[in-house]
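Containing compact mmCIF, C-alpha atoms and all ligand atoms: entry_18.txt.
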```txt
# COMPACT_ATOMS: atom_id res chain seq x y z
CA MET A 1 24.21 -3.14 -34.85
CA ALA A 2 21.05 -1.65 -36.31
CA LEU A 3 19.23 1.00 -34.31
CA ILE A 4 16.23 -0.27 -32.39
CA THR A 5 13.39 1.76 -30.92
CA PHE A 6 13.49 2.58 -27.22
CA ARG A 7 10.42 0.40 -26.70
CA GLU A 8 12.16 -2.57 -28.36
CA ALA A 9 15.25 -1.88 -26.26
CA ARG A 10 13.16 -1.89 -23.10
CA ARG A 11 11.39 -5.06 -24.14
CA LEU A 12 14.76 -6.75 -24.69
CA ILE A 13 15.75 -5.85 -21.14
CA SER A 14 12.50 -7.06 -19.60
CA GLU A 15 12.66 -10.34 -21.53
CA THR A 16 16.24 -10.98 -20.42
CA VAL A 17 16.33 -9.77 -16.84
CA GLU A 18 16.00 -12.06 -13.84
CA SER A 19 15.56 -10.78 -10.34
CA LEU A 20 18.47 -11.11 -7.91
CA GLN A 21 18.65 -14.06 -5.51
CA PRO A 22 16.29 -13.51 -2.57
CA GLU A 23 17.81 -12.84 0.85
CA SER A 24 16.43 -12.92 4.37
CA ILE A 25 16.73 -9.56 6.03
CA SER A 26 15.58 -7.91 9.20
CA LEU A 27 12.10 -6.39 8.96
CA SER A 28 13.65 -3.12 10.15
CA LYS A 29 15.66 -2.87 6.91
CA SER A 30 12.94 -4.02 4.54
CA ALA A 31 11.02 -0.85 3.64
CA GLY A 32 10.78 -0.33 -0.11
CA LEU A 33 11.84 -3.88 -0.99
CA ILE A 34 9.75 -6.53 -2.74
CA LEU A 35 8.71 -9.71 -0.95
CA ALA A 36 10.20 -12.89 -2.42
CA GLU A 37 7.71 -15.15 -0.62
CA ASN A 38 4.29 -15.08 1.01
CA VAL A 39 4.32 -13.98 4.64
CA HIS A 40 2.02 -15.48 7.30
CA SER A 41 1.38 -14.63 10.92
CA ASP A 42 2.39 -16.89 13.78
CA ALA A 43 0.27 -15.09 16.33
CA ASN A 44 -3.18 -13.75 17.04
CA TYR A 45 -3.67 -10.02 17.25
CA PRO A 46 -4.94 -9.00 19.64
CA VAL A 47 -3.49 -11.85 21.72
CA ASN A 48 -6.61 -11.68 23.95
CA ASP A 49 -9.68 -9.49 24.25
CA ILE A 50 -8.60 -5.92 25.04
CA SER A 51 -10.30 -2.64 25.71
CA ALA A 52 -10.62 -0.08 22.90
CA MET A 53 -11.30 2.73 25.38
CA ASP A 54 -10.41 4.18 28.75
CA GLY A 55 -13.46 3.38 30.89
CA TYR A 56 -15.09 0.58 32.92
CA ALA A 57 -15.24 -3.11 32.14
CA ILE A 58 -18.46 -4.87 33.13
CA ASN A 59 -20.63 -7.84 32.32
CA ALA A 60 -23.42 -6.36 30.14
CA GLY A 61 -25.85 -8.85 31.69
CA ASP A 62 -25.53 -6.93 34.99
CA PHE A 63 -27.36 -3.96 33.41
CA GLU A 64 -30.59 -5.94 33.79
CA LYS A 65 -30.38 -5.41 37.55
CA ASN A 66 -28.43 -2.20 37.94
CA VAL A 67 -26.50 0.73 36.44
CA SER A 68 -24.34 1.53 39.48
CA PHE A 69 -21.47 -0.76 40.41
CA PRO A 70 -18.66 -0.90 42.96
CA VAL A 71 -15.24 -0.59 41.28
CA ALA A 72 -13.41 -3.81 42.12
CA PHE A 73 -9.94 -3.06 40.76
CA GLU A 74 -7.95 -1.19 38.13
CA ILE A 75 -6.43 -2.70 34.93
CA PRO A 76 -3.65 -0.63 33.35
CA ALA A 77 -2.39 -1.69 29.89
CA GLY A 78 0.16 -4.49 30.17
CA SER A 79 -1.18 -5.95 33.45
CA ASN A 80 -2.77 -9.37 33.91
CA PRO A 81 -6.08 -8.98 35.78
CA GLY A 82 -7.89 -11.55 37.90
CA GLU A 83 -11.55 -12.44 37.51
CA LEU A 84 -14.26 -9.78 37.81
CA GLU A 85 -17.02 -10.75 40.24
CA ASP A 86 -20.70 -10.52 39.27
CA GLY A 87 -22.23 -7.10 39.83
CA LYS A 88 -18.91 -5.26 39.86
CA ALA A 89 -17.02 -3.02 37.41
CA ALA A 90 -13.29 -2.70 36.82
CA ARG A 91 -11.52 0.53 35.90
CA ILE A 92 -9.81 -0.22 32.56
CA PHE A 93 -7.54 1.58 30.08
CA THR A 94 -7.05 1.34 26.32
CA GLY A 95 -5.15 -1.80 25.34
CA ALA A 96 -5.65 -3.47 28.74
CA VAL A 97 -6.91 -7.05 29.05
CA ILE A 98 -10.66 -7.53 29.50
CA PRO A 99 -10.89 -9.58 32.73
CA ASN A 100 -12.75 -12.89 32.84
CA GLY A 101 -16.28 -12.11 33.96
CA ALA A 102 -16.50 -8.92 31.81
CA ASP A 103 -17.56 -8.60 28.18
CA THR A 104 -18.15 -4.90 27.63
CA VAL A 105 -16.45 -1.55 28.22
CA VAL A 106 -18.31 1.67 28.94
CA GLU A 107 -16.14 4.63 28.01
CA GLN A 108 -15.31 6.98 30.85
CA GLU A 109 -17.19 9.88 29.23
CA ASP A 110 -20.36 7.79 29.86
CA ALA A 111 -19.48 7.04 33.49
CA GLU A 112 -20.01 8.99 36.67
CA VAL A 113 -17.98 8.20 39.76
CA SER A 114 -19.46 9.00 43.16
CA GLU A 115 -17.54 9.65 46.36
CA ASP A 116 -18.43 6.28 47.84
CA GLY A 117 -16.39 4.54 45.07
CA MET A 118 -19.44 3.47 43.06
CA VAL A 119 -19.62 4.16 39.32
CA THR A 120 -22.85 4.79 37.42
CA LEU A 121 -22.65 3.72 33.81
CA GLN A 122 -24.69 4.43 30.73
CA ARG A 123 -26.38 1.26 29.50
CA VAL A 124 -24.60 0.02 26.38
CA SER A 125 -24.93 -3.08 24.26
CA LYS A 126 -22.93 -6.20 25.02
CA GLY A 127 -19.42 -6.31 23.52
CA LEU A 128 -19.09 -2.56 23.02
CA ASN A 129 -15.50 -1.23 23.01
CA VAL A 130 -13.97 -4.69 23.14
CA ARG A 131 -11.34 -5.70 20.59
CA HIS A 132 -11.55 -9.46 20.30
CA ARG A 133 -8.68 -11.94 20.28
CA GLY A 134 -7.52 -12.50 16.68
CA GLU A 135 -10.00 -10.07 15.13
CA VAL A 136 -7.26 -8.31 13.10
CA ILE A 137 -4.79 -11.16 12.62
CA ARG A 138 -5.49 -14.86 13.05
CA ASP A 139 -2.63 -17.26 13.73
CA GLY A 140 -1.42 -18.54 10.34
CA GLN A 141 -3.18 -15.85 8.30
CA LEU A 142 -1.64 -14.72 4.96
CA LEU A 143 -0.44 -11.17 5.61
CA ALA A 144 1.30 -10.31 2.33
CA LYS A 145 2.02 -12.01 -0.96
CA LYS A 146 5.21 -12.53 -2.91
CA GLY A 147 5.75 -9.53 -5.21
CA GLU A 148 4.22 -6.98 -2.85
CA ILE A 149 6.23 -3.91 -1.98
CA ILE A 150 6.99 -3.53 1.73
CA THR A 151 5.57 -0.22 2.86
CA PRO A 152 6.00 1.19 6.37
CA ALA A 153 2.36 0.33 7.04
CA LEU A 154 2.86 -3.26 5.88
CA ILE A 155 5.89 -3.50 8.20
CA ALA A 156 3.49 -2.83 11.09
CA ALA A 157 1.24 -5.69 9.97
CA LEU A 158 4.14 -8.10 9.48
CA ALA A 159 5.67 -7.20 12.85
CA THR A 160 2.34 -7.55 14.65
CA GLY A 161 1.92 -10.95 13.04
CA GLY A 162 5.16 -12.12 14.66
CA ASN A 163 7.66 -11.68 11.81
CA THR A 164 11.15 -10.37 12.52
CA THR A 165 12.79 -11.20 9.18
CA VAL A 166 11.44 -11.35 5.65
CA LYS A 167 12.70 -12.87 2.41
CA VAL A 168 13.13 -10.12 -0.18
CA PHE A 169 14.86 -9.39 -3.45
CA PRO A 170 17.87 -7.25 -2.55
CA ARG A 171 18.67 -3.86 -4.03
CA PRO A 172 21.18 -4.22 -6.86
CA SER A 173 24.55 -2.67 -6.05
CA VAL A 174 25.76 -0.18 -8.61
CA SER A 175 29.26 0.58 -9.82
CA ILE A 176 29.78 3.77 -11.81
CA LEU A 177 32.52 4.04 -14.39
CA VAL A 178 33.18 7.47 -15.86
CA THR A 179 35.12 7.70 -19.14
CA GLY A 180 36.60 10.75 -20.86
CA SER A 181 40.16 12.11 -20.78
CA GLU A 182 38.84 15.67 -20.88
CA LEU A 183 37.20 15.38 -17.46
CA VAL A 184 38.36 16.95 -14.22
CA GLN A 185 36.90 16.34 -10.80
CA VAL A 186 34.35 18.69 -9.31
CA GLY A 187 36.23 21.43 -7.49
CA THR A 188 38.99 21.67 -10.09
CA LYS A 189 38.77 24.68 -12.37
CA PRO A 190 38.66 23.31 -15.93
CA GLU A 191 41.40 24.55 -18.21
CA ARG A 192 41.21 24.81 -21.98
CA GLY A 193 39.71 21.57 -23.34
CA GLN A 194 38.60 20.28 -19.96
CA THR A 195 35.09 19.65 -18.58
CA VAL A 196 33.97 19.14 -15.02
CA ASP A 197 32.80 15.55 -14.46
CA SER A 198 29.23 16.29 -13.51
CA ASN A 199 27.95 12.83 -14.49
CA GLY A 200 29.86 11.07 -11.73
CA LEU A 201 28.00 13.09 -9.13
CA MET A 202 24.68 13.03 -10.97
CA LEU A 203 24.70 9.26 -11.47
CA SER A 204 25.64 8.66 -7.82
CA ALA A 205 22.76 10.90 -6.76
CA LEU A 206 20.38 9.08 -9.10
CA ALA A 207 21.45 5.78 -7.58
CA GLU A 208 20.88 7.20 -4.11
CA GLN A 209 17.45 8.49 -5.17
CA ASP A 210 16.60 4.98 -6.37
CA GLY A 211 17.83 3.48 -3.10
CA LEU A 212 20.72 1.65 -4.78
CA PRO A 213 24.03 1.23 -2.94
CA VAL A 214 27.00 2.52 -4.97
CA THR A 215 29.98 0.22 -4.49
CA SER A 216 32.48 2.23 -6.54
CA LEU A 217 32.93 5.28 -8.73
CA ASP A 218 35.94 4.89 -10.99
CA ARG A 219 37.46 6.93 -13.82
CA ALA A 220 38.95 5.30 -16.90
CA GLY A 221 39.90 8.25 -19.12
CA ASP A 222 39.82 7.20 -22.75
CA SER A 223 42.14 4.22 -22.45
CA LEU A 224 40.89 0.80 -23.56
CA GLU A 225 43.14 -0.97 -21.06
CA LYS A 226 41.83 1.15 -18.18
CA HIS A 227 38.29 0.48 -19.34
CA LYS A 228 38.91 -3.26 -19.21
CA SER A 229 40.59 -3.31 -15.83
CA ALA A 230 37.97 -0.99 -14.31
CA LEU A 231 35.17 -3.10 -15.80
CA SER A 232 36.60 -6.28 -14.37
CA ILE A 233 36.78 -4.77 -10.86
CA ALA A 234 33.31 -3.22 -11.19
CA CYS A 235 31.74 -6.48 -12.33
CA GLU A 236 33.16 -8.29 -9.31
CA SER A 237 31.66 -5.86 -6.82
CA ALA A 238 28.34 -4.84 -8.38
CA ASP A 239 25.14 -6.25 -9.85
CA LEU A 240 24.83 -3.33 -12.22
CA VAL A 241 27.61 -1.28 -13.84
CA VAL A 242 26.71 2.09 -15.30
CA THR A 243 29.24 3.73 -17.57
CA SER A 244 29.30 7.35 -18.66
CA GLY A 245 30.60 8.47 -22.07
CA GLY A 246 32.77 6.64 -24.58
CA VAL A 247 29.89 4.60 -25.96
CA SER A 248 29.47 6.38 -29.28
CA VAL A 249 31.25 5.76 -32.60
CA GLY A 250 34.32 8.01 -32.08
CA ASP A 251 37.88 6.69 -32.26
CA TYR A 252 38.23 7.08 -28.48
CA ASP A 253 34.93 5.45 -27.56
CA PHE A 254 35.99 2.17 -25.97
CA VAL A 255 33.08 1.05 -23.79
CA ALA A 256 31.53 -1.42 -26.28
CA ARG A 257 34.93 -2.84 -27.25
CA ALA A 258 36.01 -3.21 -23.63
CA ILE A 259 32.83 -5.15 -22.87
CA THR A 260 33.22 -7.49 -25.84
CA GLU A 261 36.93 -8.06 -25.14
CA SER A 262 36.02 -8.86 -21.52
CA GLY A 263 33.73 -11.66 -22.67
CA GLY A 264 30.53 -9.63 -22.36
CA GLU A 265 27.42 -9.98 -24.45
CA ILE A 266 25.86 -6.87 -25.92
CA LEU A 267 22.06 -6.86 -25.85
CA PHE A 268 21.64 -3.69 -27.85
CA HIS A 269 23.78 -0.75 -28.85
CA ARG A 270 22.33 2.47 -30.27
CA VAL A 271 18.70 3.28 -29.82
CA LEU A 272 16.42 5.37 -32.01
CA LEU A 273 15.91 8.23 -29.59
CA LYS A 274 17.12 11.74 -28.90
CA PRO A 275 19.03 12.41 -26.77
CA GLY A 276 20.73 9.12 -25.91
CA LYS A 277 21.22 7.40 -29.27
CA PRO A 278 24.50 5.63 -28.35
CA ILE A 279 23.01 3.83 -25.30
CA LEU A 280 24.12 0.26 -24.81
CA ALA A 281 22.96 -2.66 -22.66
CA ALA A 282 25.17 -5.66 -22.03
CA ARG A 283 26.00 -8.39 -19.57
CA ILE A 284 29.30 -9.77 -18.38
CA GLY A 285 28.42 -12.95 -16.53
CA ASP A 286 25.59 -12.03 -14.15
CA THR A 287 26.44 -8.34 -14.09
CA TRP A 288 24.37 -5.93 -16.13
CA ILE A 289 26.03 -3.00 -17.86
CA ILE A 290 24.24 0.03 -19.15
CA GLY A 291 26.47 2.31 -21.20
CA LEU A 292 25.22 5.87 -21.04
CA PRO A 293 26.43 8.65 -23.33
CA GLY A 294 28.59 11.38 -21.79
CA ASN A 295 26.33 14.32 -22.51
CA PRO A 296 24.61 14.94 -19.19
CA ILE A 297 21.02 15.01 -20.48
CA SER A 298 21.63 11.89 -22.56
CA ALA A 299 22.94 10.17 -19.43
CA LEU A 300 19.92 11.38 -17.47
CA VAL A 301 17.47 10.12 -20.10
CA GLY A 302 19.31 6.79 -20.24
CA TRP A 303 19.16 6.39 -16.47
CA ARG A 304 15.47 7.20 -16.39
CA LEU A 305 14.43 4.98 -19.29
CA PHE A 306 16.75 2.02 -18.75
CA VAL A 307 18.83 1.96 -15.56
CA SER A 308 16.16 2.88 -13.05
CA PRO A 309 13.52 0.41 -14.36
CA LEU A 310 16.17 -2.32 -14.77
CA ALA A 311 17.16 -1.86 -11.13
CA GLU A 312 13.50 -2.24 -10.15
CA MET A 313 13.24 -5.46 -12.14
CA LEU A 314 16.39 -6.83 -10.48
CA MET A 315 14.60 -6.04 -7.22
CA GLY A 316 11.70 -8.27 -8.21
CA CYS A 317 9.26 -5.72 -9.68
CA GLU A 318 7.21 -6.92 -12.61
CA GLY A 319 5.58 -5.00 -15.45
CA VAL A 320 7.63 -1.91 -14.69
CA PHE A 321 7.66 -0.66 -18.28
CA ASN A 322 3.86 -0.67 -18.40
CA ARG A 323 3.54 1.85 -15.63
CA ASP A 324 6.38 4.34 -15.59
CA SER A 325 4.69 7.00 -17.71
CA VAL A 326 1.62 9.18 -17.44
CA LEU A 327 -0.41 11.40 -19.77
CA ALA A 328 -0.48 15.12 -19.11
CA GLU A 329 -1.97 18.08 -20.89
CA LEU A 330 0.53 20.29 -22.71
CA THR A 331 0.53 23.99 -21.88
CA ASP A 332 2.14 25.02 -25.19
CA THR A 333 2.45 23.41 -28.61
CA VAL A 334 5.64 21.39 -29.10
CA THR A 335 7.10 20.07 -32.34
CA ASN A 336 9.64 17.40 -33.21
CA LYS A 337 10.82 17.86 -36.78
CA GLY A 338 13.49 15.17 -36.47
CA LYS A 339 13.50 11.54 -37.59
CA ARG A 340 14.08 10.20 -34.08
CA PRO A 341 11.52 10.26 -31.23
CA VAL A 342 12.62 12.87 -28.74
CA PHE A 343 12.53 13.15 -24.98
CA LEU A 344 12.24 16.80 -24.06
CA GLN A 345 12.68 18.21 -20.57
CA GLY A 346 9.39 19.19 -18.96
CA ASN A 347 7.71 20.29 -15.80
CA LEU A 348 4.66 18.45 -14.50
CA PHE A 349 2.26 20.33 -12.26
CA LEU A 350 -1.31 20.18 -11.01
CA ARG A 351 -3.72 22.94 -11.97
CA ASP A 352 -7.44 22.69 -11.16
CA ASN A 353 -6.93 18.99 -10.32
CA ARG A 354 -5.54 18.26 -13.78
CA LEU A 355 -2.05 17.10 -14.57
CA LYS A 356 -0.34 19.54 -16.91
CA VAL A 357 3.12 19.68 -18.39
CA ALA A 358 5.19 22.60 -19.62
CA ASP A 359 8.09 22.17 -21.99
CA VAL A 360 11.44 23.41 -20.61
CA SER A 361 13.47 24.85 -23.47
CA TRP A 362 16.96 23.45 -23.89
CA LYS A 363 20.04 24.17 -25.92
CA GLY A 364 20.94 20.51 -26.44
CA SER A 365 21.97 17.41 -24.52
CA HIS A 366 24.75 19.32 -22.73
CA ASP A 367 22.28 21.86 -21.27
CA VAL A 368 22.57 20.96 -17.59
CA VAL A 369 20.71 24.13 -16.62
CA ALA A 370 17.57 23.04 -18.50
CA SER A 371 17.56 19.54 -16.99
CA GLY A 372 18.18 21.05 -13.56
CA LYS A 373 14.85 22.88 -13.88
CA ALA A 374 12.78 19.92 -15.10
CA ASN A 375 10.95 17.16 -13.24
CA THR A 376 9.93 14.93 -16.16
CA LEU A 377 10.79 13.72 -19.61
CA LEU A 378 8.23 14.60 -22.25
CA PHE A 379 7.93 12.21 -25.16
CA LEU A 380 7.33 13.20 -28.77
CA GLU A 381 7.28 10.80 -31.70
CA SER A 382 9.39 11.66 -34.77
CA LYS A 383 7.93 14.27 -37.09
CA ALA A 384 5.18 15.07 -34.65
CA GLU A 385 3.43 18.10 -33.30
CA VAL A 386 1.35 18.07 -30.16
CA LYS A 387 -0.79 21.15 -29.68
CA ALA A 388 -1.44 23.06 -26.48
CA GLY A 389 -4.26 21.34 -24.58
CA GLU A 390 -3.55 17.91 -26.10
CA SER A 391 -2.17 15.00 -24.10
CA VAL A 392 1.45 14.01 -24.18
CA LEU A 393 3.27 11.07 -22.62
CA CYS A 394 5.51 12.02 -19.68
CA TYR A 395 8.15 9.97 -17.88
CA PRO A 396 8.43 11.68 -14.48
CA ASN A 397 11.87 11.75 -12.86
CA LYS A 398 10.46 10.40 -9.60
CA TRP A 399 8.42 7.72 -11.29
CA LYS A 400 8.57 5.28 -8.41
CA GLU A 401 6.07 7.38 -6.47
CA LEU A 402 3.78 7.13 -9.49
CA ASP A 403 4.37 3.39 -9.65
CA TYR A 404 3.48 3.12 -5.97
CA LEU A 405 0.27 5.13 -6.39
CA MET A 406 -0.86 3.04 -9.33
CA LYS A 407 -0.15 -0.25 -7.62
CA ASN A 408 -2.21 0.78 -4.67
CA ASP A 409 -5.09 2.13 -6.71
P1 LIG B 1 31.05 11.13 -25.09
O1 LIG B 1 29.74 10.45 -24.87
O2 LIG B 1 32.17 10.50 -24.36
O3 LIG B 1 31.31 11.26 -26.57
O4 LIG B 1 30.90 12.60 -24.52
C1 LIG B 1 29.93 13.47 -25.08
C2 LIG B 1 30.02 14.84 -24.44
O5 LIG B 1 29.72 14.74 -23.07
C3 LIG B 1 31.42 15.46 -24.51
O6 LIG B 1 31.27 16.84 -24.76
C4 LIG B 1 31.97 15.20 -23.15
O7 LIG B 1 32.94 16.14 -22.77
C5 LIG B 1 30.76 15.30 -22.27
N1 LIG B 1 30.94 14.47 -21.10
C6 LIG B 1 31.41 13.21 -21.11
N2 LIG B 1 31.48 12.70 -19.88
C7 LIG B 1 31.04 13.68 -19.05
C8 LIG B 1 30.89 13.78 -17.66
N3 LIG B 1 31.23 12.75 -16.85
N4 LIG B 1 30.42 14.93 -17.14
C9 LIG B 1 30.10 15.94 -17.94
N5 LIG B 1 30.21 15.91 -19.27
C10 LIG B 1 30.69 14.80 -19.84
MG MG B 2 34.20 10.67 -24.38
```

Rendering of file as C-alpha cells:
Amino acid sequence: MALITFREARRLISETVESLQPESISLSKSAGLILAENVHSDANYPVNDISAMDGYAINAGDFEKNVSFPVAFEIPAGSNPGELEDGKAARIFTGAVIPNGADTVVEQEDAEVSEDGMVTLQRVSKGLNVRHRGEVIRDGQLLAKKGEIITPALIAALATGGNTTVKVFPRPSVSILVTGSELVQVGTKPERGQTVDSNGLMLSALAEQDGLPVTSLDRAGDSLEKHKSALSIACESADLVVTSGGVSVGDYDFVARAITESGGEILFHRVLLKPGKPILAARIGDTWIIGLPGNPISALVGWRLFVSPLAEMLMGCEGVFNRDSVLAELTDTVTNKGKRPVFLQGNLFLRDNRLKVADVSWKGSHDVVASGKANTLLFLESKAEVKAGESVLCYPNKWKELDYLMKND
C-alpha cells in the first residue's frame, strides 16, 4: 500500500467510523459521555414559589398600611405551610415554600424583631426574593441536545428536570495486544536481547486517561498463529483493538497478515509521518484495529493522532479532527530536514498570557525519557524550519480538555 499523509489517514477514519449503538444508562454514570438523544424535563423547577433568602414572607400590599407585623408561624425548608393571614408575616428560610397569602420575602438583615414577637421590616418591592414556580425549568422544556457532552453541571440540570437515566453513546472497550518475542514483563530484569514491555503499561494508562475500559491485555510474541488467536479473542470482547509492534515490514512483523487472514479489511497501512510510519488501521467485522509500531514514542504518537480521536468518534463526538490541535509560539528555532512531516516532543506552557511551546530534544522514537518530559506533540512539515517566535501546530497530550474548552467557547 502506498504511503498516505496523516491528514488523509485521519480523514479515512472519520469517513468510515460510525458511533457505537446508544445505550440507556444511569445519570450517575453519565459524566463525560455524549447524549444520543435530546433530553426534556418532566417537572417544573422550582416546583412552587420558594424563598431565595432567610427572612420574612409577607404580602407586599400590607406595606401600604404598616411596616411592623406579628409573626404568624415559621416555614423551614421542606415543610408545607398553611395560608398567611392579611397583615401578618411568616418567618421563612431559603428554599422554603412561599405560603398562600404572601408574595415577597424581606431578608432577615432588613428585619428587626422586638420582644413582643412583632417584626419590623424594610419596605421592599413586591416579589423580591421569591423564586417562581418553573422559572428555571418548565415542564417539557428541552434541557440538552443530542451530541452534547454531559458535564457535571449538566447532570444537575438533567436531574433537576426529573431525569434518572439518559441515552448515550457508550465508551468503546479497548483490548491491547502486545507483540514482540524480545519483550519481558515489567519487573523482570531484561537479559541480553530483551526489552521491558513498557508499551503494555503505557497503552493501558492512555486508555484509562481517555476513560476507556480495557477488557484485555494479551501478548502474542512474534508468532503469526498467536497473533490470529489473540486477535480473534480481542475482537470478541472489545470495540477497539490496539496492537503494539510487529506492524512494520520485517520478516517477523505479522500484525497486518494476521488481520487479513482473519477476514479483516485494512483501511490504511503506513503513513507519511515520523515517528509512526508503519501505523495501520483496519476493521474485523465491527471491531476497529489500530496497529501501532513498537517503538514507544511511535506508539504514543499513534495513540494521540489516531486511537484517542477514533475512540471519541465511536463515543459520538463529531468534527474531532478539526479541533484537537492548537497554535503556540516556539521558544527556539526547530528544523525538520527530512522528507516526512515530523511530530516532535514538546512542552506547552503559558507565559504572559500567551501559549508557548518548547521543543524537548530526543534521541529517537525509543527515547522514553524525552516523551516522559513532554506534554504535547509539535508538528513540523517536511523540509521545514520554524523560527523562534513563530507559531507552530501542537497536538497536546490531554487534548480533550482543549476540545471541551473550545466547545464551550
Ligand atoms: P517493532 O515495531 O515490533 O519493529 O519494534 C520496534 C522497536 O520497539 C524494537 O526495538 C522493539 O524492541 C521495541 N518495542 C516493541 N514493542 C515494545 C514494547 N511493548 N515496549 C517497549 N518497546 C517495544
Ligand atoms: Mg517487533

Taking a cut-off of 8 Å and counting only C-alpha atoms and all ligand atoms, can you build a table that, for each residue of chain A near ligand LIG 1 (chain B), reports the nearest atom pair and how far apart they are in Å (one decimal), sorted by chain then residue number, as CSV?
```
residue,atom,partner,partner_atom,distance
A:Val178,CA,B:LIG1,N3,5.7
A:Thr179,CA,B:LIG1,N2,6.2
A:Gly180,CA,B:LIG1,N2,5.6
A:Glu182,CA,B:LIG1,O7,6.2
A:Leu183,CA,B:LIG1,C8,6.5
A:Gln194,CA,B:LIG1,O7,7.6
A:Thr195,CA,B:LIG1,O7,5.9
A:Val196,CA,B:LIG1,C9,5.8
A:Asp197,CA,B:LIG1,N4,3.6
A:Ser198,CA,B:LIG1,N4,4.1
A:Asn199,CA,B:LIG1,N3,4.0
A:Gly200,CA,B:LIG1,N3,5.6
A:Ser244,CA,B:LIG1,N2,5.9
A:Gly245,CA,B:LIG1,O2,3.4
A:Gly246,CA,B:LIG1,O2,3.9
A:Val247,CA,B:LIG1,O1,6.0
A:Ser248,CA,B:LIG1,O3,5.9
A:Gly250,CA,B:LIG1,O3,7.1
A:Asp253,CA,B:LIG1,O2,6.6
A:Pro278,CA,B:LIG1,O1,7.9
A:Leu292,CA,B:LIG1,O1,7.5
A:Pro293,CA,B:LIG1,O1,4.1
A:Gly294,CA,B:LIG1,O1,3.4
A:Asn295,CA,B:LIG1,O5,3.5
A:Pro296,CA,B:LIG1,N5,5.7
A:His366,CA,B:LIG1,O5,6.8
```

Inset, instruction - Could you give me, as number ranges by chain, the residues that sit within 12 Å of (3.7, -8.0, 13.9) in the file's coordinates, counting only C-alpha atoms? - result: A: 27-28, 39-47, 136-139, 141, 143, 153-166

Legend entry - d(CA of Ala256 in chain A, CA of Leu224 in chain A) in Å: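 Taking CA of Ala256 in chain A as the start and CA of Leu224 in chain A as the end point, the length is 10.0 Å.
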
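Of the listed residues A:Glu401, A:Glu312, A:Asp332, A:Asp222, the one whose atoms come nearest to Gly389 in chain A is A:Asp332, with distances taken using all atoms listed in the file.
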
Inset, instruction - For each of A:Ser237, A:Gln209, A:Gln108, A:Thr243, take the minimum atom-to-atom distance to Phe93 in chain A, counting all atoms listed in the file, then give the residue where this is smallest. - result: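 Of A:Ser237, A:Gln209, A:Gln108, A:Thr243, the one nearest Phe93 in chain A is A:Gln108, counting all atoms listed in the file.
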
Legend entry - Length of the CA of Val71 in chain A to CA of Tyr56 in chain A vector [Å]: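 Between these atoms lies a distance of 8.4 Å.
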
Inset, instruction - Using only C-alpha atoms and all ligand atoms, find the one residue out of A:Phe254, A:Glu236, A:Ala77, A:Asp103 that sits nearest to ligand MG 2 (chain B). - result: A:Phe254

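Proximity to Ser175 in chain A was assessed for A:Thr287, A:Glu64, A:Gly187, A:Glu85 counting only C-alpha atoms; the smallest distance is recorded for A:Thr287.
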
Inset, instruction - Take CA of Arg171 in chain A and CA of Arg304 in chain A and report the distance between them in Å, one decimal. - result: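 So the answer is 16.9 Å.
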
Legend entry - Among listed residues A:Leu378, A:Cys394, A:Ala358, A:Val255, nearest ligand MG 2 (chain B) (using only C-alpha atoms and all ligand atoms):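 For ligand MG 2 (chain B), the nearest of the candidates is A:Val255.
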